[in-house]
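First up is the structure itself, then whatever we jot down about it.
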Amino acid sequence: MISTIILMVSLYGLSLAQGEGMERIQECKTRCSKGLQCKSKTHYSFAPCRTQKAGLNTSVVFHNVSLSTVMRCEGKQKCSLHFRVHTALQLSEHIHGVSICTVTAGMMLEICRLVSFPRVARERLEGQQLEVQNDCSEVWPGQYVHVTLKTNPSYCGVTWTSTYQVPECSSRDLRSNIPECITGRLAYTVDSDRKELAVSVSDMLEDKDYHLRLCHRKAYTCRDTGANTLIRKEDVLKNTTLQYSTPLPCLCIEGWSATSDAPRVQVFPFRDHLEELWSGINFDPVEELLSWEPVCPVSVVISLCQKPGNNECDDLAGSSQTLNREKITFSTVDPHPQLCIKFTTDSGSWIRCPFADGNFQAWDLGVDQQRLVLTSRVRAPLSLHVCVKTGTSACHPEHTLPVHVEKSAHLNLTVDVCLPNTCVQVKRLNVKYAVTILHCHIRCLDQADARAPAMVRQIPTLQGYLELTWVVVPAVACLTAAVIVAALVVKALLTVHQRRHRKGRDGVCTLKQQTESHAVAVDRATPGLQDQTTLHKEIPMPYTLQFENCERANLLQF
C-alpha cells in the first residue's frame, strides 16, 4: 500500500512537469517492443478471473509502469489530450496479452483496450521481457483517471492499479492549444481620474466571440457589477473600456469565450488597495450594536481602541476578533467620538473612527465656569474619578463617585480641581465597550485668586470636589412664558394711560359728570328719598373716587 502511494505521488509530479512542454503525437496507437506486431481493440470483459497459476504474480508480470499525458493536434487551437500507459511485461505461455482499463468520474463502465500478442511471437519470446505502450484513451484537463492493468486471460491476484490526474489548464502549453483551456489573455490600464479600465484581449478562441465584465469575487462566486461587454470575433481590435465605482481588492476583470462551460480568466487590478475595505461600518443606536461587513474576502484582525486627538489608538481589553465569518459585531458599545476600530492585516494596520463627528455621542462632559457640565441623551450610570497626574505617568484615581445621569447635571468644582495636574476621569458603566475620558487642565474663573490658599490645603474627599445639582429642563420654558406675560401686561398699562390722558384733555369724565351720574344712580335706587335729591347734588365727589371711576371706565373699554 505504501509503495502504491509513493508511485502515485511520483507519477503525479511527473505529469505536472510534463504539462509545461507536453509531448506531441501525430496519431494514437499501440506499440510493442522486440519487433512484435501486437494488435489492440476496445474490450469489455465480464468474465470472472481464473485461478492464479504457479509463479504468476503482479510483481513478476508487470514492471516499470509509467503514466503520462500526450497532446495530439489537428491544427491551431485544435488539440486534444491522450492518456499514455507504458509497462514492461514478463511473457509466459499463460499470458496471451494485456488489458489496459481506465475509468473516470462520471463514467458508468470501465473502458478497456486489449493488446494481444500473436501465438508465434509468444512461443518465440517466452520468458523474455516485453514493453507495451498505448495512448489511445482521450482525457480532459484536470481529470482523475483510475488505471487497471490485467493479463489476458485474467488471473486472480495478478493486477496493477493506480490513479492519475491529467494536468490542469494552469499549464501555459494547454492554455494556448487545448480549446477547453483557452481563456484569452487580458491586459489593462487604469484611469483613476475617470474611474475607467481600458482592457485588451489576446490569444482568444479565433472562431468565438468573447465576454468581458467587472465583478466582485467572493468565495466561489463573482457578483456582477453591471459593467460588461461582448467583443465580436470579427472585430479587428479586441479592446473595450469598463467603468468602475470603487477600486476594491476583489474587483476583477473576468473574460471567457462565448461557449458553454467555457473556462474563465480573472485579473485583479486593485489587489493591493486594502484601504478601500474598511468602510461598511454600521451602528444601531437602539441596540447599541457596532458591526462591520467586509465587501471582499480578507484575512484581518479587528479590535476596538481609544484615540484621543492625534495620539496612538490604544486597544480596549477583550475587544479583538478574527474575521472567520461574513460579519463582525460588537454588542453594547458606547458611541463616543474617541472610540475607533483598528483593522490589522499582514500588510499593516488601519484606524477608522465612525463616531468622530459626534452624531451618536450618548454623553459629554464639559466645563462651564467653575462647574463640570455633564449631559446625556440616555439614562446611564457613569463612574467619575479625581486623580493627580505627574509627568508622563498614568493618572491614578484617588476618589470615586458613581453618578446616574438621565438628562443633564452640573458638577460644581472647588478650587482644588483647578490645580495643575489635577484631572477628572469619566467612564460609562452599563456597556461592554466604553472609552475612559480624561479631563485635565480645568480652567476656573477664580483660579488666580484661589491658587495661593489652595496650595496649603489638604486634598479633601470627592464630596469636597464635586457637588451634584440637577438642572430642571422645564424651567427654561417657564422663564420664557413669564417674559411673554410681563410684556403683555406692560403693553396693556401703556394703552390705558394713553387713552385716559386723551379723554381727560377732551372733557370726558369731569367732576360734574361724575357727580350727576352718582346722584341719578342714588335717586333710582332709593325712591323714598326723593326730597333729598338736592342734597345729593350739592355734595361734591372726592377727587380720588372720580379718578378711580375714570380708570375703571377706560379698562372696560380696552
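Ligands are numbered from 1 in the order shown, chains are lettered A, B, ... in the order of the C-alpha cells, and residues start at 1 in each chain.
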Each residue of region 197-265 of chain A lying at most 10 Å from region 63-80 of chain A should get a row with its shortest atom-to-atom pair and the distance in Å to one decimal, counting only C-alpha atoms; could you produce that, ordered by chain and increasing number, as a tab-separated table?
residue	atom	partner	partner_atom	distance
A:Asp203	CA	A:Gln77	CA	9.7
A:Met204	CA	A:Gln77	CA	9.6
A:Leu205	CA	A:Gln77	CA	7.4
A:Glu206	CA	A:Gln77	CA	8.4
Output N, CA, C and O atoms for every residue in the selection just made, as an mmCIF file, in the first residue's frame.
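Written out: part23.cif:
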data_model
loop_
_atom_site.group_PDB
_atom_site.id
_atom_site.type_symbol
_atom_site.label_atom_id
_atom_site.label_comp_id
_atom_site.auth_asym_id
_atom_site.auth_seq_id
_atom_site.Cartn_x
_atom_site.Cartn_y
_atom_site.Cartn_z
ATOM 1 N N ASP A 203 -5.000 36.147 -27.736
ATOM 2 C CA ASP A 203 -4.973 34.684 -27.642
ATOM 3 C C ASP A 203 -6.328 34.094 -27.270
ATOM 4 O O ASP A 203 -6.412 33.078 -26.568
ATOM 5 N N MET A 204 -7.400 34.689 -27.729
ATOM 6 C CA MET A 204 -8.732 34.133 -27.504
ATOM 7 C C MET A 204 -9.050 33.127 -28.614
ATOM 8 O O MET A 204 -8.347 33.056 -29.622
ATOM 9 N N LEU A 205 -10.096 32.335 -28.403
ATOM 10 C CA LEU A 205 -10.515 31.401 -29.442
ATOM 11 C C LEU A 205 -10.873 32.179 -30.704
ATOM 12 O O LEU A 205 -11.696 33.108 -30.661
ATOM 13 N N GLU A 206 -10.283 31.791 -31.806
ATOM 14 C CA GLU A 206 -10.397 32.593 -33.025
ATOM 15 C C GLU A 206 -11.794 32.579 -33.631
ATOM 16 O O GLU A 206 -12.198 33.537 -34.281
#
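Non-sequential neighbours of Asn359 (chain A) (distance at most 12 Å, separation of 3 or more positions within a chain, only C-alpha atoms) are A:Phe283, A:Pro285, A:Pro335, A:His336, A:Pro337, A:Pro354, A:Phe355, A:Ala356, A:Ala362, A:Trp363, A:Asp364, A:Arg377.
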Practice task
Check the smallest atom-to-atom distance from each of A:Leu438, A:Val373, A:Cys101, A:Val333 to Val388 (chain A) using only C-alpha atoms, then report the winner.
Solution key: A:Leu438
Practice task
With a distance cut-off of 7 Å and only C-alpha atoms, select the neighbouring residues of Phe330 (chain A), excluding the residue or stretch itself and same-chain residues fewer than 6 positions from it, and output the selection as an MDAnalysis selection string.
Solution key: chainID A and resid 289:291
Please save C-alpha atoms of the selected residues as a tab-separated table (two decimals), in the first residue's frame.
chain	number	residue	atom	x	y	z
A	289	LEU	CA	-24.61	47.39	18.26
A	290	LEU	CA	-21.50	48.16	16.18
A	291	SER	CA	-20.90	45.93	13.14
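Shortest atom-to-atom contact with Val158 (chain A) among A:Thr58, A:Arg172, A:Ser331, A:Leu214: A:Thr58, counting only C-alpha atoms.
Nearest to Ser299 (chain A) of all the residues A:Gln321, A:Gln338, A:Ser383, A:Thr345 is A:Thr345, based on only C-alpha atoms.
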Practice task
Excluding Trp278 (chain A) and any residue of its chain fewer than 4 positions from it, enumerate the residues within 8 Å of it, using only C-alpha atoms, and give them as JSON, numbers by chain.
Solution key: {"A": [274, 294, 343, 350, 352]}
Keeping only N, CA, C and O atoms, take the residues you just selected and write them out as a short mmCIF file (atom, residue, chain, number, x, y, z; two decimals), in the first residue's frame.
data_model
loop_
_atom_site.label_atom_id
_atom_site.label_comp_id
_atom_site.auth_asym_id
_atom_site.auth_seq_id
_atom_site.Cartn_x
_atom_site.Cartn_y
_atom_site.Cartn_z
N LEU A 274 -5.97 47.68 -0.06
CA LEU A 274 -6.68 47.20 1.13
C LEU A 274 -7.38 48.32 1.87
O LEU A 274 -8.37 48.08 2.58
N PRO A 294 -17.29 42.95 5.59
CA PRO A 294 -16.34 43.21 4.50
C PRO A 294 -16.99 43.01 3.14
O PRO A 294 -17.80 42.10 2.95
N PHE A 343 -8.10 47.83 12.17
CA PHE A 343 -8.04 46.69 11.26
C PHE A 343 -6.56 46.34 11.05
O PHE A 343 -5.78 47.20 10.63
N TRP A 350 -4.93 49.80 9.98
CA TRP A 350 -5.72 50.96 9.60
C TRP A 350 -6.69 51.29 10.73
O TRP A 350 -7.25 50.39 11.37
N ARG A 352 -10.17 53.44 11.83
CA ARG A 352 -11.38 54.13 11.40
C ARG A 352 -12.18 54.51 12.65
O ARG A 352 -12.39 53.68 13.53
#
Filtered DSSP result for region 199-439 of chain A, state strand (DSSP E), as a short mmCIF file (atom, residue, chain, number, x, y, z; two decimals) with N, CA and C atoms, in the first residue's frame:
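Written out: result.cif:
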data_model
loop_
_atom_site.label_atom_id
_atom_site.label_comp_id
_atom_site.auth_asym_id
_atom_site.auth_seq_id
_atom_site.Cartn_x
_atom_site.Cartn_y
_atom_site.Cartn_z
N VAL A 199 -9.32 47.67 -21.37
CA VAL A 199 -8.97 46.25 -21.39
C VAL A 199 -8.79 45.80 -22.84
N SER A 200 -7.72 45.04 -23.09
CA SER A 200 -7.49 44.44 -24.40
C SER A 200 -7.34 42.93 -24.23
N VAL A 201 -7.78 42.17 -25.26
CA VAL A 201 -7.80 40.71 -25.21
C VAL A 201 -6.92 40.17 -26.32
N SER A 202 -6.13 39.13 -26.00
CA SER A 202 -5.31 38.45 -26.99
C SER A 202 -5.40 36.94 -26.74
N TYR A 210 -16.26 36.93 -27.48
CA TYR A 210 -15.60 36.94 -26.18
C TYR A 210 -16.34 37.88 -25.22
N HIS A 211 -16.62 37.39 -24.01
CA HIS A 211 -17.30 38.17 -22.98
C HIS A 211 -16.28 38.81 -22.03
N LEU A 212 -16.58 40.06 -21.64
CA LEU A 212 -15.80 40.77 -20.62
C LEU A 212 -16.75 41.42 -19.63
N ARG A 213 -16.38 41.37 -18.36
CA ARG A 213 -17.20 42.04 -17.35
C ARG A 213 -16.36 42.37 -16.13
N LEU A 214 -16.90 43.25 -15.27
CA LEU A 214 -16.33 43.53 -13.96
C LEU A 214 -17.22 42.87 -12.91
N CYS A 215 -16.61 42.24 -11.94
CA CYS A 215 -17.38 41.58 -10.88
C CYS A 215 -16.57 41.59 -9.59
N HIS A 216 -17.27 41.36 -8.49
CA HIS A 216 -16.63 41.28 -7.17
C HIS A 216 -16.50 39.81 -6.78
N ARG A 217 -15.27 39.35 -6.65
CA ARG A 217 -15.01 37.96 -6.31
C ARG A 217 -15.21 37.75 -4.81
N LYS A 218 -16.06 36.79 -4.47
CA LYS A 218 -16.33 36.47 -3.07
C LYS A 218 -16.57 34.98 -2.97
N THR A 221 -17.93 32.60 -5.95
CA THR A 221 -18.77 33.30 -6.92
C THR A 221 -18.16 34.66 -7.23
N CYS A 222 -18.64 35.26 -8.31
CA CYS A 222 -18.22 36.60 -8.69
C CYS A 222 -19.48 37.40 -9.00
N ARG A 223 -19.80 38.36 -8.14
CA ARG A 223 -21.03 39.12 -8.27
C ARG A 223 -20.86 40.24 -9.29
N ASP A 224 -21.74 40.26 -10.28
CA ASP A 224 -21.65 41.21 -11.38
C ASP A 224 -21.86 42.63 -10.88
N THR A 225 -21.07 43.57 -11.40
CA THR A 225 -21.23 44.99 -11.05
C THR A 225 -22.07 45.75 -12.07
N GLY A 226 -22.39 45.11 -13.19
CA GLY A 226 -23.17 45.77 -14.23
C GLY A 226 -22.34 46.24 -15.41
N ALA A 227 -21.02 46.25 -15.25
CA ALA A 227 -20.14 46.66 -16.34
C ALA A 227 -19.71 45.42 -17.14
N ASN A 228 -20.28 45.23 -18.32
CA ASN A 228 -19.94 44.07 -19.15
C ASN A 228 -20.07 44.44 -20.63
N THR A 229 -19.42 43.66 -21.47
CA THR A 229 -19.46 43.91 -22.90
C THR A 229 -19.14 42.62 -23.65
N LEU A 230 -19.39 42.62 -24.96
CA LEU A 230 -19.12 41.46 -25.82
C LEU A 230 -18.22 41.91 -26.96
N ILE A 231 -17.10 41.24 -27.10
CA ILE A 231 -16.18 41.52 -28.20
C ILE A 231 -16.45 40.52 -29.31
N ASN A 239 -10.54 45.23 -27.92
CA ASN A 239 -10.40 46.01 -26.68
C ASN A 239 -11.70 46.74 -26.37
N THR A 240 -11.82 47.18 -25.12
CA THR A 240 -13.01 47.90 -24.66
C THR A 240 -12.66 48.67 -23.40
N THR A 241 -13.63 49.47 -22.92
CA THR A 241 -13.46 50.26 -21.69
C THR A 241 -14.57 49.91 -20.72
N LEU A 242 -14.21 49.66 -19.47
CA LEU A 242 -15.17 49.31 -18.42
C LEU A 242 -15.09 50.34 -17.30
N GLN A 243 -16.26 50.77 -16.81
CA GLN A 243 -16.34 51.75 -15.72
C GLN A 243 -16.42 51.03 -14.38
N LEU A 251 -12.24 43.45 -6.82
CA LEU A 251 -12.81 43.80 -8.12
C LEU A 251 -11.94 43.18 -9.21
N CYS A 252 -12.54 42.35 -10.05
CA CYS A 252 -11.75 41.66 -11.06
C CYS A 252 -12.33 41.86 -12.45
N ILE A 253 -11.43 41.79 -13.42
CA ILE A 253 -11.84 41.77 -14.83
C ILE A 253 -11.93 40.30 -15.21
N GLU A 254 -13.10 39.86 -15.65
CA GLU A 254 -13.33 38.46 -15.98
C GLU A 254 -13.64 38.33 -17.47
N GLY A 255 -12.98 37.37 -18.12
CA GLY A 255 -13.19 37.15 -19.55
C GLY A 255 -13.34 35.67 -19.86
N TRP A 256 -14.16 35.35 -20.86
CA TRP A 256 -14.36 33.97 -21.28
C TRP A 256 -14.95 33.92 -22.70
N SER A 257 -14.69 32.82 -23.37
CA SER A 257 -15.20 32.64 -24.73
C SER A 257 -16.70 32.35 -24.69
N ARG A 264 -12.75 30.52 -17.53
CA ARG A 264 -12.70 31.98 -17.41
C ARG A 264 -11.35 32.41 -16.83
N VAL A 265 -10.94 33.59 -17.24
CA VAL A 265 -9.71 34.18 -16.72
C VAL A 265 -10.09 35.42 -15.92
N GLN A 266 -9.40 35.63 -14.80
CA GLN A 266 -9.67 36.76 -13.92
C GLN A 266 -8.37 37.45 -13.57
N VAL A 267 -8.40 38.77 -13.63
CA VAL A 267 -7.27 39.58 -13.17
C VAL A 267 -7.81 40.63 -12.20
N ILE A 281 -19.03 50.22 7.96
CA ILE A 281 -19.25 50.15 9.41
C ILE A 281 -20.65 50.66 9.72
N ASN A 282 -21.42 49.89 10.47
CA ASN A 282 -22.80 50.25 10.82
C ASN A 282 -22.97 50.28 12.33
N PHE A 283 -23.88 51.17 12.78
CA PHE A 283 -24.18 51.28 14.21
C PHE A 283 -25.69 51.39 14.41
N ASP A 284 -26.21 50.55 15.29
CA ASP A 284 -27.62 50.58 15.66
C ASP A 284 -27.73 51.31 17.00
N LEU A 289 -25.35 48.48 18.90
CA LEU A 289 -24.61 47.39 18.26
C LEU A 289 -23.76 47.96 17.13
N LEU A 290 -22.45 47.71 17.19
CA LEU A 290 -21.50 48.16 16.18
C LEU A 290 -21.11 46.95 15.34
N SER A 291 -21.19 47.07 14.01
CA SER A 291 -20.90 45.93 13.14
C SER A 291 -20.12 46.38 11.91
N TRP A 292 -19.42 45.42 11.33
CA TRP A 292 -18.67 45.65 10.09
C TRP A 292 -18.76 44.40 9.22
N VAL A 301 -7.64 41.02 11.55
CA VAL A 301 -7.99 41.03 12.98
C VAL A 301 -8.58 42.40 13.29
N ILE A 302 -9.76 42.42 13.91
CA ILE A 302 -10.47 43.67 14.21
C ILE A 302 -10.52 43.85 15.72
N SER A 303 -10.23 45.07 16.16
CA SER A 303 -10.30 45.38 17.60
C SER A 303 -10.79 46.82 17.76
N LEU A 304 -11.32 47.12 18.95
CA LEU A 304 -11.72 48.48 19.30
C LEU A 304 -10.58 49.15 20.04
N CYS A 305 -10.45 50.45 19.84
CA CYS A 305 -9.38 51.19 20.50
C CYS A 305 -9.84 52.61 20.80
N GLN A 306 -9.11 53.28 21.68
CA GLN A 306 -9.41 54.67 22.04
C GLN A 306 -8.32 55.57 21.49
N ASP A 314 -5.19 53.18 21.50
CA ASP A 314 -4.92 52.12 22.47
C ASP A 314 -6.06 51.11 22.46
N ASP A 315 -5.71 49.82 22.31
CA ASP A 315 -6.71 48.76 22.25
C ASP A 315 -7.51 48.67 23.54
N GLN A 321 -11.08 40.53 17.62
CA GLN A 321 -11.79 39.46 16.92
C GLN A 321 -11.10 39.19 15.59
N THR A 322 -11.08 37.90 15.20
CA THR A 322 -10.55 37.49 13.90
C THR A 322 -11.71 37.21 12.96
N ILE A 328 -18.69 40.97 11.50
CA ILE A 328 -18.13 41.15 12.84
C ILE A 328 -19.06 42.09 13.61
N THR A 329 -19.39 41.74 14.86
CA THR A 329 -20.27 42.58 15.67
C THR A 329 -19.66 42.82 17.04
N PHE A 330 -19.93 44.01 17.58
CA PHE A 330 -19.57 44.37 18.95
C PHE A 330 -20.85 44.83 19.64
N LEU A 339 -13.88 56.56 20.37
CA LEU A 339 -13.91 55.11 20.14
C LEU A 339 -13.70 54.82 18.66
N CYS A 340 -12.71 53.99 18.33
CA CYS A 340 -12.35 53.70 16.95
C CYS A 340 -12.24 52.19 16.74
N ILE A 341 -12.12 51.80 15.46
CA ILE A 341 -11.93 50.41 15.08
C ILE A 341 -10.56 50.29 14.41
N LYS A 342 -9.79 49.28 14.84
CA LYS A 342 -8.48 49.02 14.26
C LYS A 342 -8.53 47.74 13.42
N PHE A 343 -8.10 47.83 12.17
CA PHE A 343 -8.04 46.69 11.26
C PHE A 343 -6.56 46.34 11.05
N THR A 344 -6.19 45.10 11.33
CA THR A 344 -4.80 44.67 11.23
C THR A 344 -4.68 43.48 10.29
N THR A 345 -3.83 43.61 9.25
CA THR A 345 -3.53 42.53 8.33
C THR A 345 -2.02 42.32 8.28
N GLY A 348 -0.30 45.65 7.34
CA GLY A 348 -0.28 46.81 8.21
C GLY A 348 -1.57 46.98 8.97
N SER A 349 -1.76 48.18 9.55
CA SER A 349 -2.95 48.47 10.36
C SER A 349 -3.60 49.75 9.85
N TRP A 350 -4.93 49.80 9.98
CA TRP A 350 -5.72 50.96 9.60
C TRP A 350 -6.69 51.29 10.73
N ILE A 351 -6.90 52.60 10.98
CA ILE A 351 -7.78 53.06 12.04
C ILE A 351 -8.98 53.79 11.41
N ARG A 352 -10.17 53.44 11.83
CA ARG A 352 -11.38 54.13 11.40
C ARG A 352 -12.18 54.51 12.65
N TRP A 363 -23.19 60.83 25.73
CA TRP A 363 -22.97 61.72 26.87
C TRP A 363 -21.74 62.58 26.60
N ASP A 364 -21.64 63.66 27.38
CA ASP A 364 -20.50 64.56 27.21
C ASP A 364 -20.22 65.26 28.53
N LEU A 365 -18.99 65.60 28.73
CA LEU A 365 -18.56 66.31 29.93
C LEU A 365 -17.83 67.57 29.51
N GLY A 366 -18.38 68.73 29.89
CA GLY A 366 -17.77 70.00 29.54
C GLY A 366 -17.54 70.85 30.78
N VAL A 367 -16.98 72.04 30.58
CA VAL A 367 -16.67 72.96 31.68
C VAL A 367 -17.44 74.25 31.47
N ASP A 368 -18.17 74.68 32.50
CA ASP A 368 -18.91 75.94 32.49
C ASP A 368 -18.51 76.72 33.73
N ARG A 371 -17.94 74.84 37.04
CA ARG A 371 -18.68 73.60 37.13
C ARG A 371 -18.39 72.71 35.92
N LEU A 372 -18.35 71.40 36.17
CA LEU A 372 -18.35 70.44 35.08
C LEU A 372 -19.79 70.17 34.69
N VAL A 373 -20.11 70.36 33.43
CA VAL A 373 -21.47 70.15 32.95
C VAL A 373 -21.54 68.78 32.29
N LEU A 374 -22.34 67.89 32.86
CA LEU A 374 -22.48 66.52 32.37
C LEU A 374 -23.83 66.38 31.70
N THR A 375 -23.85 66.12 30.40
CA THR A 375 -25.10 65.98 29.65
C THR A 375 -25.16 64.57 29.06
N SER A 376 -26.38 64.06 28.91
CA SER A 376 -26.56 62.69 28.41
C SER A 376 -27.87 62.58 27.66
N ALA A 380 -27.84 56.56 31.96
CA ALA A 380 -26.61 55.77 32.02
C ALA A 380 -25.87 56.04 33.32
N PRO A 381 -25.40 54.99 33.99
CA PRO A 381 -24.53 55.18 35.14
C PRO A 381 -23.10 55.46 34.69
N LEU A 382 -22.49 56.46 35.29
CA LEU A 382 -21.12 56.83 34.97
C LEU A 382 -20.26 56.74 36.22
N SER A 383 -19.00 56.50 36.01
CA SER A 383 -18.04 56.48 37.10
C SER A 383 -17.10 57.68 36.96
N LEU A 384 -17.04 58.53 37.99
CA LEU A 384 -16.18 59.72 37.99
C LEU A 384 -15.04 59.52 38.98
N HIS A 385 -13.84 59.86 38.55
CA HIS A 385 -12.66 59.76 39.41
C HIS A 385 -11.92 61.09 39.39
N VAL A 386 -11.39 61.47 40.53
CA VAL A 386 -10.46 62.60 40.62
C VAL A 386 -9.07 62.02 40.83
N CYS A 387 -8.14 62.46 40.02
CA CYS A 387 -6.79 61.90 40.09
C CYS A 387 -5.76 63.01 39.88
N VAL A 388 -4.53 62.70 40.22
CA VAL A 388 -3.41 63.62 40.05
C VAL A 388 -2.41 62.98 39.12
N HIS A 396 -3.64 58.19 38.42
CA HIS A 396 -4.15 57.19 39.35
C HIS A 396 -5.32 57.77 40.14
N PRO A 397 -6.51 57.17 40.01
CA PRO A 397 -7.69 57.71 40.73
C PRO A 397 -7.50 57.63 42.24
N GLU A 398 -7.90 58.69 42.93
CA GLU A 398 -7.81 58.74 44.38
C GLU A 398 -9.19 58.72 45.03
N HIS A 399 -10.20 59.21 44.32
CA HIS A 399 -11.56 59.22 44.86
C HIS A 399 -12.52 58.86 43.72
N THR A 400 -13.59 58.17 44.08
CA THR A 400 -14.54 57.71 43.08
C THR A 400 -15.95 58.10 43.49
N LEU A 401 -16.76 58.49 42.50
CA LEU A 401 -18.16 58.82 42.74
C LEU A 401 -19.01 58.28 41.61
N PRO A 402 -19.94 57.32 41.90
CA PRO A 402 -20.85 56.86 40.85
C PRO A 402 -21.95 57.88 40.62
N VAL A 403 -22.26 58.16 39.37
CA VAL A 403 -23.28 59.15 39.00
C VAL A 403 -24.25 58.51 38.03
N HIS A 404 -25.54 58.64 38.27
CA HIS A 404 -26.55 58.14 37.34
C HIS A 404 -27.15 59.33 36.61
N VAL A 405 -26.94 59.41 35.31
CA VAL A 405 -27.34 60.57 34.52
C VAL A 405 -28.58 60.23 33.71
N SER A 408 -29.22 65.91 32.24
CA SER A 408 -28.05 66.77 32.40
C SER A 408 -27.81 67.03 33.88
N ALA A 409 -26.57 67.31 34.20
CA ALA A 409 -26.21 67.60 35.58
C ALA A 409 -25.06 68.58 35.59
N HIS A 410 -25.01 69.39 36.64
CA HIS A 410 -23.89 70.32 36.84
C HIS A 410 -23.07 69.81 38.01
N LEU A 411 -21.78 69.70 37.81
CA LEU A 411 -20.88 69.26 38.85
C LEU A 411 -20.05 70.47 39.31
N ASN A 412 -20.37 71.01 40.49
CA ASN A 412 -19.68 72.20 40.98
C ASN A 412 -18.27 71.84 41.43
N LEU A 413 -17.29 72.56 40.92
CA LEU A 413 -15.89 72.30 41.25
C LEU A 413 -15.42 73.22 42.38
N THR A 422 -4.29 68.14 38.15
CA THR A 422 -5.49 67.51 38.68
C THR A 422 -6.45 67.22 37.53
N CYS A 423 -6.94 65.99 37.49
CA CYS A 423 -7.77 65.56 36.36
C CYS A 423 -9.03 64.87 36.87
N VAL A 424 -9.99 64.75 35.97
CA VAL A 424 -11.23 64.03 36.25
C VAL A 424 -11.40 62.97 35.17
N GLN A 425 -11.57 61.70 35.59
CA GLN A 425 -11.80 60.59 34.67
C GLN A 425 -13.27 60.21 34.69
N VAL A 426 -13.83 59.96 33.48
CA VAL A 426 -15.23 59.57 33.38
C VAL A 426 -15.34 58.37 32.45
N LYS A 427 -16.17 57.39 32.84
CA LYS A 427 -16.40 56.21 32.02
C LYS A 427 -17.83 55.72 32.22
N ARG A 428 -18.46 55.33 31.11
CA ARG A 428 -19.81 54.77 31.18
C ARG A 428 -19.72 53.31 31.62
N THR A 436 -12.45 55.63 28.32
CA THR A 436 -12.27 56.38 29.56
C THR A 436 -11.78 57.78 29.20
N ILE A 437 -12.61 58.78 29.52
CA ILE A 437 -12.31 60.16 29.15
C ILE A 437 -11.59 60.85 30.31
N LEU A 438 -10.49 61.51 30.00
CA LEU A 438 -9.67 62.19 31.00
C LEU A 438 -9.71 63.69 30.73
N HIS A 439 -10.20 64.48 31.71
CA HIS A 439 -10.23 65.94 31.62
C HIS A 439 -9.17 66.52 32.55
#
Practice task
Could you please determine the separation between CA of Val286 (chain A) and CA of Phe360 (chain A) in Å, to one decimal place?
Solution key: 10.7 Å
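Using only C-alpha atoms, the shortest contact distance between Lys53 (chain A) and any of A:Val98, A:Cys395, A:Ile25, A:Cys156 is found at A:Cys156.
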Problem - Atomic distance CA of Arg194 (chain A) - CA of Cys296 (chain A), expressed in Å with one decimal - result: 22.9 Å
Practice task
Any chance you could list, as a list in words, the residues in region 200-330 of chain A that come up helix (DSSP H, G or I) when DSSP is run on the backbone?
Solution key: Leu274, Glu275, Glu276 and Leu277 of chain A
Exercise for the section: Kindly give the distance, in Å, that separates CA of Ala434 (chain A) and CA of Thr332 (chain A), rounded to a single decimal. Expected result: 8.8 Å
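The list of residues with at least one atom within 10 Å of Arg175 (chain A), based on only C-alpha atoms and without residues fewer than 6 positions apart in the same chain, reads Gln77, Glu168, Cys169, Cys181, Ile182, Thr183, Gly184, Arg185, Asp203, Met204 and Pro263 of chain A.
If only C-alpha atoms are the atoms counted, then among A:Arg31, A:His96, A:Lys389, A:Lys307 the closest residue to Val120 (chain A) is A:His96.
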